[in-house]
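S.K.: Just dropping this structure here.
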Amino acid sequence: MANPLFDRIALIGIGLIGSSIARLAKRDGLVGHISVTARTQESLDKAMELGIADSVTLDQEAAVKDADLVIICSPLGAYSSIIETIAPGLKPGAIVSDVGSVKEAVVRDLAPHIPDGVHLIPAHPVAGTEHSGPEAGFPELFEDRWCILTPPADADEEATKALSAFWEAAGSNIEIMDPAHHDLVMAMTSHLPHLIAYTIVGTATDLEKTLRNEVIKFSAGGFRDFTRIAASDPTMWRDVFLKNKDAVLEMLQRFNEDITALQRAIRWEEGDTLFELFSRTREVRRGVIEAKQEKMYD
Ligand code: NAP
């Protein structure tokens, strides 16, 4: 790209998502300079070794100095302390964004600390894998995936456009949403499925030893797919459930009612009820494939 979209960006966190952003920004020349900060020196050293950072520092305030775009790519639980630390170093006119999987809590945690003249435009690239850390990233991660922006009602239009252009350059499709609506949608499409996977794999590990060994041995019968999801980062997912508590509990309530109905259908051998549901869900799978959302990583 002849003209970079941003002269200088700062990435706070260089795990799966941060390092994927850095890789694609380097590959396509989207930005002039990438400044990186993280929790540990080890990750910063790794970022330099991989050639995905131009400068690194553990000093978060120094990392955001002169940055036109700051993207917080850490677990959600770290946001409050990060914004308190970086706020004094933010350049007037800078955009502060993030990649967090929950959005209402982000606005709650970040907005009060954003200095006048700095634009908060939260974002969520709906793309990921079960892997973590600087080495897990890859530049194609966001291609053909949604990136949901949740700008506040009075957000600066130019800032929203500039951030949209960045994610479009990453290959993503942009959707603008209200943060509460985003959280409800994600509770169903992402958070509840993860909770179910964690539960099934947890139940299996609590079985007595012989049975547990056989669950692993014959895992191709469906269990294997749950183990992939349940291998996702424990810190990230702990924070997602704590920060999206209300929406997840609401979806969980509906899920519990539906599973009780299925339990009843099995007990009373109501085959038609089972068949009708399984036929409807098959159609949903077709819709997912048609919407090109069937990639293994998410
Ligand atoms: P990750 O691979 O575990 O990386 C997290 C990064 O955050 C690490 O570089 C870590 O530093 C850094 N970090 C942790 N605490 C910090 C702190 N207090 N200050 C500064 N940096 C800190 O996580 P990820 O998968 O990239 O996820 C990051 C964010 O993306 C999360 O908010 C998540 O909700 C969102 N997200 C994830 C996915 C997914 O599938 N993984 C998808 C969409 C959105 P160290 O390496 O030094 O510990």
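By convention in this document, the chains of the structure tokens carry letters A, B, ... by their order, each chain's residues are numbered from 1, and ligands are numbered from 1 in the order they are shown.
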Could you report the residues within 8 Å of ligand 1, using only C-alpha atoms and all ligand atoms, as a ChimeraX atom specification?

M.R.: /A:12-19,37-44,60,72-79,81-82,98-102,124-134,136,232-233,235-237,239-240,297-298

S.K.: Please list as a list of chain:residue names every residue within 6 Å of region 138-144 of chain A, counting only C-alpha atoms and excluding residues in the same chain fewer than 4 positions away.

M.R.: A:Ser20, A:Arg23, A:Leu24, A:Gly171, A:Ser172

S.K.: Could you pull out the residues in region 6-114 of chain A that DSSP calls alpha helix (DSSP H) from the backbone, as a PyMOL selection string?

M.R.: chain A and resi 16-27+41-50+60-63+79-86+104-110

S.K.: For region 181-197 of chain A, list every protein, DNA or RNA residue within 7 Å, evaluated using only C-alpha atoms, and leave out those in the same chain fewer than 2 positions away; present the list as a list in words.

M.R.: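 Contacts, with the query itself left out: Val102, Lys103, Met177, Asp178, Pro179, Thr199, Ile200, Val201, Phe226, Thr227, Ile229, Ala230, Asn244, Ala247, Val248, Met251 and Leu252 of chain A.
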
S.K.: Go through A:Pro4, A:Gly93, A:Pro122, A:Pro112 and flag the residue nearest Ile34 (chain A), using only C-alpha atoms for the distances.

M.R.: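 Looking only at the distances to Ile34 (chain A), the closest residue turns out to be A:Pro4.
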
S.K.: At a cut-off of 8 Å, using only C-alpha atoms, what residues contact Ala162 (chain A)? Leave out same-chain residues fewer than 4 positions from it and give the result as a list in words.

M.R.: Leu5, Glu158 and Phe166 of chain A

S.K.: Please identify which residues in region 40-173 of chain A DSSP calls strand (DSSP E) from the backbone, and express them as a list in words.

M.R.: Ser55, Val56, Leu69, Val70, Ile71, Ile72, Ile95, Val96, Ser97, Asp98, His119, Leu120, Ala123, His124, Pro125, Trp146, Cys147, Ile148, Leu149 and Asn173 of chain A

S.K.: Write a file of the selected residues as an mmCIF file, in the first residue's frame, keeping C-alpha atoms.

M.R.:
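Just written: out-v9.cif:
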```cif
data_model
loop_
_atom_site.group_PDB
_atom_site.id
_atom_site.type_symbol
_atom_site.label_atom_id
_atom_site.label_comp_id
_atom_site.auth_asym_id
_atom_site.auth_seq_id
_atom_site.Cartn_x
_atom_site.Cartn_y
_atom_site.Cartn_z
ATOM 1 C CA SER A 55 9.392 -0.993 18.799
ATOM 2 C CA VAL A 56 8.496 -2.724 22.070
ATOM 3 C CA LEU A 69 -4.520 4.291 16.537
ATOM 4 C CA VAL A 70 -4.287 2.309 19.786
ATOM 5 C CA ILE A 71 -5.800 -1.184 19.760
ATOM 6 C CA ILE A 72 -6.232 -2.976 23.080
ATOM 7 C CA ILE A 95 -8.421 6.607 18.091
ATOM 8 C CA VAL A 96 -8.637 4.102 20.957
ATOM 9 C CA SER A 97 -10.120 0.794 19.885
ATOM 10 C CA ASP A 98 -10.055 -2.824 21.013
ATOM 11 C CA HIS A 119 -11.974 8.973 19.985
ATOM 12 C CA LEU A 120 -13.192 5.713 21.491
ATOM 13 C CA ALA A 123 -14.500 -3.146 17.776
ATOM 14 C CA HIS A 124 -14.797 -6.928 17.734
ATOM 15 C CA PRO A 125 -13.286 -8.933 14.891
ATOM 16 C CA TRP A 146 -17.210 -9.787 10.313
ATOM 17 C CA CYS A 147 -15.717 -6.953 12.259
ATOM 18 C CA ILE A 148 -18.392 -5.369 14.448
ATOM 19 C CA LEU A 149 -17.868 -1.728 15.447
ATOM 20 C CA ASN A 173 -16.882 -6.976 6.441
#
```

S.K.: With only C-alpha atoms as the basis for distance, which of A:Val215, A:Ala94, A:Val288, A:Ala67 is at the shortest distance from Gly32 (chain A)?

M.R.: A:Ala67

S.K.: Give me the residues within 9 Å of Ala169 (chain A) as a CSV table (one decimal) with C-alpha atoms, in the first residue's frame, counting only C-alpha atoms and dropping any in the same chain fewer than 5 places off.

M.R.:
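The result, stored in around.csv:
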```csv
chain,number,residue,atom,x,y,z
A,25,ALA,CA,-0.3,-4.6,8.9
A,28,ASP,CA,0.3,-5.1,3.4
A,30,LEU,CA,-1.1,-0.7,6.3
A,164,SER,CA,-13.6,0.8,9.2
```
